[in-house]
Amino acid sequence: LYDWFHADKGLALEEVKAARAGDTLLENTEVRLLLEGDRSEFTHQSTGVLTLTGEELRYAPFSGFRPGFVFPLAELENFVIQKKDIFEVTVDDVDYRFEMRGLSPMKWLVYTRYLRGWEEIEKSRVI
């Protein structure tokens, strides 16, 4: 697992470095969006497409009843993975949970880290 992760991480860094403005780096369909409520419980809002480019994270629900959103990468905080199939980010103190049902969110975490300057942190050996 360790060797696989480091090989995959290296490929992700290469893709991030080679990406041009507007290139789609990752995209998953059938992603469930859950938002945290007043009692710290997450409730399902919609199902749609989650896309990561070199500049932003986009979510487009399948239903026209709920709006989608676009977040510049600089606004993402606390990007983590939960359980086996959840990628979670915080934007403006709101937690957005993306459930990928059966798909690993590891690439989403690694790509987001590198897009946000993780390589420099690794080089400084802080981690």
# chains A, B, ... in the order shown; residues from 1 in each chain; ligands from 1
call {"tool": "residues_around", "arguments": {"residues": "segment 81-88 of chain A", "least_positions_apart": "4", "cutoff": "12 Å", "atoms": "only C-alpha atoms", "output": "VMD selection string"}}
result
chain A and resid 28 31 to 36 42 50 57 76 to 77 94 to 113
call {"tool": "write_last_selection", "arguments": {"atoms": "C-alpha atoms", "output": "mmCIF file, in the first residue's frame"}}
result
data_model
loop_
_atom_site.group_PDB
_atom_site.id
_atom_site.type_symbol
_atom_site.label_atom_id
_atom_site.label_comp_id
_atom_site.auth_asym_id
_atom_site.auth_seq_id
_atom_site.Cartn_x
_atom_site.Cartn_y
_atom_site.Cartn_z
ATOM 1 C CA ASN A 28 -16.735 11.765 -10.804
ATOM 2 C CA VAL A 31 -21.527 12.044 -6.368
ATOM 3 C CA ARG A 32 -23.873 12.667 -3.461
ATOM 4 C CA LEU A 33 -23.593 16.106 -1.822
ATOM 5 C CA LEU A 34 -24.279 16.238 1.910
ATOM 6 C CA LEU A 35 -24.275 19.408 4.007
ATOM 7 C CA GLU A 36 -23.836 19.686 7.745
ATOM 8 C CA PHE A 42 -25.070 15.598 7.415
ATOM 9 C CA LEU A 50 -17.887 16.745 -9.067
ATOM 10 C CA LEU A 57 -13.738 22.663 -7.558
ATOM 11 C CA LEU A 76 -10.910 25.324 0.173
ATOM 12 C CA GLU A 77 -9.991 24.531 3.754
ATOM 13 C CA VAL A 94 -19.573 25.330 5.754
ATOM 14 C CA ASP A 95 -18.631 21.656 5.473
ATOM 15 C CA TYR A 96 -19.335 20.075 2.086
ATOM 16 C CA ARG A 97 -19.259 16.283 2.066
ATOM 17 C CA PHE A 98 -19.006 14.502 -1.288
ATOM 18 C CA GLU A 99 -19.910 10.831 -1.057
ATOM 19 C CA MET A 100 -18.474 8.837 -3.941
ATOM 20 C CA ARG A 101 -20.105 5.479 -3.129
ATOM 21 C CA GLY A 102 -17.608 2.738 -3.772
ATOM 22 C CA LEU A 103 -14.914 4.961 -5.296
ATOM 23 C CA SER A 104 -11.837 6.007 -3.361
ATOM 24 C CA PRO A 105 -11.521 9.739 -2.666
ATOM 25 C CA MET A 106 -7.726 9.460 -2.246
ATOM 26 C CA LYS A 107 -6.969 11.028 -5.648
ATOM 27 C CA TRP A 108 -9.180 13.988 -4.770
ATOM 28 C CA LEU A 109 -7.182 14.585 -1.602
ATOM 29 C CA VAL A 110 -3.781 14.174 -3.265
ATOM 30 C CA TYR A 111 -4.590 16.379 -6.277
ATOM 31 C CA THR A 112 -6.101 19.095 -4.079
ATOM 32 C CA ARG A 113 -3.043 19.044 -1.825
#
call {"tool": "select_by_dssp", "arguments": {"residues": "segment 84-121 of chain A", "states": "strand (DSSP E)", "output": "list in words"}}
result
Ile86, Phe87, Glu88, Val89, Thr90, Val91, Val94, Asp95, Tyr96, Arg97, Phe98 and Glu99 of chain A
call {"tool": "atom_distance", "arguments": {"atom1": "atom CA of Arg58 of chain A", "atom2": "atom CA of Ala19 of chain A"}}
result
16.7 Å
call {"tool": "residues_around", "arguments": {"residues": "Thr53 of chain A", "least_positions_apart": "3", "cutoff": "9 Å", "atoms": "only C-alpha atoms", "output": "ChimeraX atom specification"}}
result
/A:19,21-27,56-58,73
call {"tool": "select_by_dssp", "arguments": {"residues": "chain A", "states": "alpha helix (DSSP H)", "output": "PDB file with N, CA, C and O atoms, in the first residue's frame"}}
result
ATOM      1  N   TYR A   2       1.931   1.227   0.783  1.00  0.00           N
ATOM      2  CA  TYR A   2       2.837   2.369   0.863  1.00  0.00           C
ATOM      3  C   TYR A   2       3.442   2.673  -0.507  1.00  0.00           C
ATOM      4  O   TYR A   2       3.441   3.823  -0.954  1.00  0.00           O
ATOM      5  N   ASP A   3       3.976   1.641  -1.179  1.00  0.00           N
ATOM      6  CA  ASP A   3       4.586   1.828  -2.501  1.00  0.00           C
ATOM      7  C   ASP A   3       3.561   2.308  -3.523  1.00  0.00           C
ATOM      8  O   ASP A   3       3.851   3.177  -4.344  1.00  0.00           O
ATOM      9  N   TRP A   4       2.368   1.716  -3.482  1.00  0.00           N
ATOM     10  CA  TRP A   4       1.308   2.121  -4.411  1.00  0.00           C
ATOM     11  C   TRP A   4       0.961   3.593  -4.211  1.00  0.00           C
ATOM     12  O   TRP A   4       0.838   4.346  -5.174  1.00  0.00           O
ATOM     13  N   PHE A   5       0.814   4.014  -2.956  1.00  0.00           N
ATOM     14  CA  PHE A   5       0.459   5.406  -2.674  1.00  0.00           C
ATOM     15  C   PHE A   5       1.521   6.356  -3.202  1.00  0.00           C
ATOM     16  O   PHE A   5       1.206   7.362  -3.832  1.00  0.00           O
ATOM     17  N   HIS A   6       2.785   6.059  -2.986  1.00  0.00           N
ATOM     18  CA  HIS A   6       3.850   6.954  -3.442  1.00  0.00           C
ATOM     19  C   HIS A   6       3.958   6.991  -4.962  1.00  0.00           C
ATOM     20  O   HIS A   6       4.230   8.044  -5.532  1.00  0.00           O
ATOM     21  N   ALA A   7       3.718   5.876  -5.623  1.00  0.00           N
ATOM     22  CA  ALA A   7       3.723   5.874  -7.094  1.00  0.00           C
ATOM     23  C   ALA A   7       2.556   6.697  -7.619  1.00  0.00           C
ATOM     24  O   ALA A   7       2.716   7.517  -8.533  1.00  0.00           O
ATOM     25  N   ASP A   8       1.378   6.500  -7.041  1.00  0.00           N
ATOM     26  CA  ASP A   8       0.190   7.241  -7.448  1.00  0.00           C
ATOM     27  C   ASP A   8       0.358   8.732  -7.175  1.00  0.00           C
ATOM     28  O   ASP A   8      -0.023   9.571  -7.982  1.00  0.00           O
ATOM     29  N   LYS A   9       0.954   9.055  -6.050  1.00  0.00           N
ATOM     30  CA  LYS A   9       1.192  10.446  -5.683  1.00  0.00           C
ATOM     31  C   LYS A   9       2.108  11.123  -6.692  1.00  0.00           C
ATOM     32  O   LYS A   9       1.879  12.261  -7.095  1.00  0.00           O
ATOM     33  N   GLY A  10       3.133  10.398  -7.148  1.00  0.00           N
ATOM     34  CA  GLY A  10       4.045  10.947  -8.146  1.00  0.00           C
ATOM     35  C   GLY A  10       3.344  11.217  -9.464  1.00  0.00           C
ATOM     36  O   GLY A  10       3.576  12.245 -10.109  1.00  0.00           O
ATOM     37  N   LEU A  11       2.464  10.310  -9.876  1.00  0.00           N
ATOM     38  CA  LEU A  11       1.700  10.520 -11.108  1.00  0.00           C
ATOM     39  C   LEU A  11       0.765  11.721 -10.977  1.00  0.00           C
ATOM     40  O   LEU A  11       0.609  12.501 -11.919  1.00  0.00           O
ATOM     41  N   ALA A  12       0.168  11.879  -9.824  1.00  0.00           N
ATOM     42  CA  ALA A  12      -0.729  13.016  -9.591  1.00  0.00           C
ATOM     43  C   ALA A  12       0.045  14.323  -9.706  1.00  0.00           C
ATOM     44  O   ALA A  12      -0.422  15.279 -10.337  1.00  0.00           O
ATOM     45  N   LEU A  13       1.226  14.380  -9.111  1.00  0.00           N
ATOM     46  CA  LEU A  13       2.036  15.596  -9.173  1.00  0.00           C
ATOM     47  C   LEU A  13       2.408  15.924 -10.612  1.00  0.00           C
ATOM     48  O   LEU A  13       2.345  17.087 -11.026  1.00  0.00           O
ATOM     49  N   GLU A  14       2.759  14.909 -11.398  1.00  0.00           N
ATOM     50  CA  GLU A  14       3.075  15.137 -12.815  1.00  0.00           C
ATOM     51  C   GLU A  14       1.877  15.720 -13.559  1.00  0.00           C
ATOM     52  O   GLU A  14       2.023  16.651 -14.352  1.00  0.00           O
ATOM     53  N   GLU A  15       0.689  15.166 -13.309  1.00  0.00           N
ATOM     54  CA  GLU A  15      -0.519  15.665 -13.987  1.00  0.00           C
ATOM     55  C   GLU A  15      -0.832  17.096 -13.576  1.00  0.00           C
ATOM     56  O   GLU A  15      -1.221  17.919 -14.405  1.00  0.00           O
ATOM     57  N   VAL A  16      -0.677  17.400 -12.302  1.00  0.00           N
ATOM     58  CA  VAL A  16      -0.938  18.754 -11.812  1.00  0.00           C
ATOM     59  C   VAL A  16       0.024  19.743 -12.469  1.00  0.00           C
ATOM     60  O   VAL A  16      -0.373  20.818 -12.918  1.00  0.00           O
ATOM     61  N   LYS A  17       1.290  19.394 -12.553  1.00  0.00           N
ATOM     62  CA  LYS A  17       2.293  20.280 -13.156  1.00  0.00           C
ATOM     63  C   LYS A  17       2.060  20.472 -14.653  1.00  0.00           C
ATOM     64  O   LYS A  17       2.325  21.537 -15.193  1.00  0.00           O
ATOM     65  N   ALA A  18       1.562  19.438 -15.329  1.00  0.00           N
ATOM     66  CA  ALA A  18       1.357  19.509 -16.778  1.00  0.00           C
ATOM     67  C   ALA A  18       0.025  20.154 -17.167  1.00  0.00           C
ATOM     68  O   ALA A  18      -0.170  20.509 -18.330  1.00  0.00           O
ATOM     69  N   MET A 106      -9.142   9.154  -2.468  1.00  0.00           N
ATOM     70  CA  MET A 106      -7.726   9.460  -2.246  1.00  0.00           C
ATOM     71  C   MET A 106      -7.154  10.387  -3.314  1.00  0.00           C
ATOM     72  O   MET A 106      -6.429  11.326  -3.008  1.00  0.00           O
ATOM     73  N   LYS A 107      -7.482  10.152  -4.594  1.00  0.00           N
ATOM     74  CA  LYS A 107      -6.969  11.028  -5.648  1.00  0.00           C
ATOM     75  C   LYS A 107      -7.428  12.469  -5.440  1.00  0.00           C
ATOM     76  O   LYS A 107      -6.682  13.408  -5.682  1.00  0.00           O
ATOM     77  N   TRP A 108      -8.659  12.643  -4.988  1.00  0.00           N
ATOM     78  CA  TRP A 108      -9.180  13.988  -4.770  1.00  0.00           C
ATOM     79  C   TRP A 108      -8.356  14.704  -3.709  1.00  0.00           C
ATOM     80  O   TRP A 108      -8.033  15.885  -3.851  1.00  0.00           O
ATOM     81  N   LEU A 109      -7.988  14.004  -2.666  1.00  0.00           N
ATOM     82  CA  LEU A 109      -7.182  14.585  -1.602  1.00  0.00           C
ATOM     83  C   LEU A 109      -5.779  14.922  -2.102  1.00  0.00           C
ATOM     84  O   LEU A 109      -5.288  16.033  -1.908  1.00  0.00           O
ATOM     85  N   VAL A 110      -5.150  13.973  -2.789  1.00  0.00           N
ATOM     86  CA  VAL A 110      -3.781  14.174  -3.265  1.00  0.00           C
ATOM     87  C   VAL A 110      -3.714  15.314  -4.285  1.00  0.00           C
ATOM     88  O   VAL A 110      -2.866  16.200  -4.184  1.00  0.00           O
ATOM     89  N   TYR A 111      -4.601  15.319  -5.261  1.00  0.00           N
ATOM     90  CA  TYR A 111      -4.590  16.379  -6.277  1.00  0.00           C
ATOM     91  C   TYR A 111      -4.845  17.746  -5.629  1.00  0.00           C
ATOM     92  O   TYR A 111      -4.173  18.723  -5.956  1.00  0.00           O
ATOM     93  N   THR A 112      -5.804  17.822  -4.730  1.00  0.00           N
ATOM     94  CA  THR A 112      -6.101  19.095  -4.079  1.00  0.00           C
ATOM     95  C   THR A 112      -4.894  19.574  -3.274  1.00  0.00           C
ATOM     96  O   THR A 112      -4.545  20.758  -3.307  1.00  0.00           O
ATOM     97  N   ARG A 113      -4.243  18.664  -2.576  1.00  0.00           N
ATOM     98  CA  ARG A 113      -3.043  19.044  -1.825  1.00  0.00           C
ATOM     99  C   ARG A 113      -1.988  19.635  -2.749  1.00  0.00           C
ATOM    100  O   ARG A 113      -1.422  20.684  -2.460  1.00  0.00           O
ATOM    101  N   TYR A 114      -1.687  18.948  -3.863  1.00  0.00           N
ATOM    102  CA  TYR A 114      -0.652  19.448  -4.762  1.00  0.00           C
ATOM    103  C   TYR A 114      -1.063  20.753  -5.432  1.00  0.00           C
ATOM    104  O   TYR A 114      -0.231  21.633  -5.640  1.00  0.00           O
ATOM    105  N   LEU A 115      -2.307  20.895  -5.753  1.00  0.00           N
ATOM    106  CA  LEU A 115      -2.765  22.162  -6.331  1.00  0.00           C
ATOM    107  C   LEU A 115      -2.647  23.308  -5.339  1.00  0.00           C
ATOM    108  O   LEU A 115      -2.542  24.472  -5.730  1.00  0.00           O
ATOM    109  N   TRP A 118       1.293  21.542  -1.785  1.00  0.00           N
ATOM    110  CA  TRP A 118       1.778  20.482  -0.910  1.00  0.00           C
ATOM    111  C   TRP A 118       3.225  20.082  -1.207  1.00  0.00           C
ATOM    112  O   TRP A 118       3.978  19.698  -0.311  1.00  0.00           O
ATOM    113  N   GLU A 119       3.653  20.194  -2.455  1.00  0.00           N
ATOM    114  CA  GLU A 119       5.020  19.809  -2.815  1.00  0.00           C
ATOM    115  C   GLU A 119       6.036  20.618  -2.016  1.00  0.00           C
ATOM    116  O   GLU A 119       7.048  20.085  -1.550  1.00  0.00           O
ATOM    117  N   GLU A 120       5.786  21.898  -1.831  1.00  0.00           N
ATOM    118  CA  GLU A 120       6.705  22.745  -1.055  1.00  0.00           C
ATOM    119  C   GLU A 120       6.758  22.313   0.407  1.00  0.00           C
ATOM    120  O   GLU A 120       7.807  22.346   1.038  1.00  0.00           O
ATOM    121  N   ILE A 121       5.627  21.900   0.943  1.00  0.00           N
ATOM    122  CA  ILE A 121       5.594  21.419   2.325  1.00  0.00           C
ATOM    123  C   ILE A 121       6.404  20.134   2.440  1.00  0.00           C
ATOM    124  O   ILE A 121       7.172  19.955   3.387  1.00  0.00           O
ATOM    125  N   GLU A 122       6.256  19.240   1.467  1.00  0.00           N
ATOM    126  CA  GLU A 122       7.034  18.006   1.475  1.00  0.00           C
ATOM    127  C   GLU A 122       8.536  18.284   1.392  1.00  0.00           C
ATOM    128  O   GLU A 122       9.329  17.656   2.096  1.00  0.00           O
ATOM    129  N   LYS A 123       8.929  19.236   0.551  1.00  0.00           N
ATOM    130  CA  LYS A 123      10.344  19.558   0.390  1.00  0.00           C
ATOM    131  C   LYS A 123      10.939  20.136   1.670  1.00  0.00           C
ATOM    132  O   LYS A 123      12.098  19.935   1.970  1.00  0.00           O
TER     133      LYS A 123
END
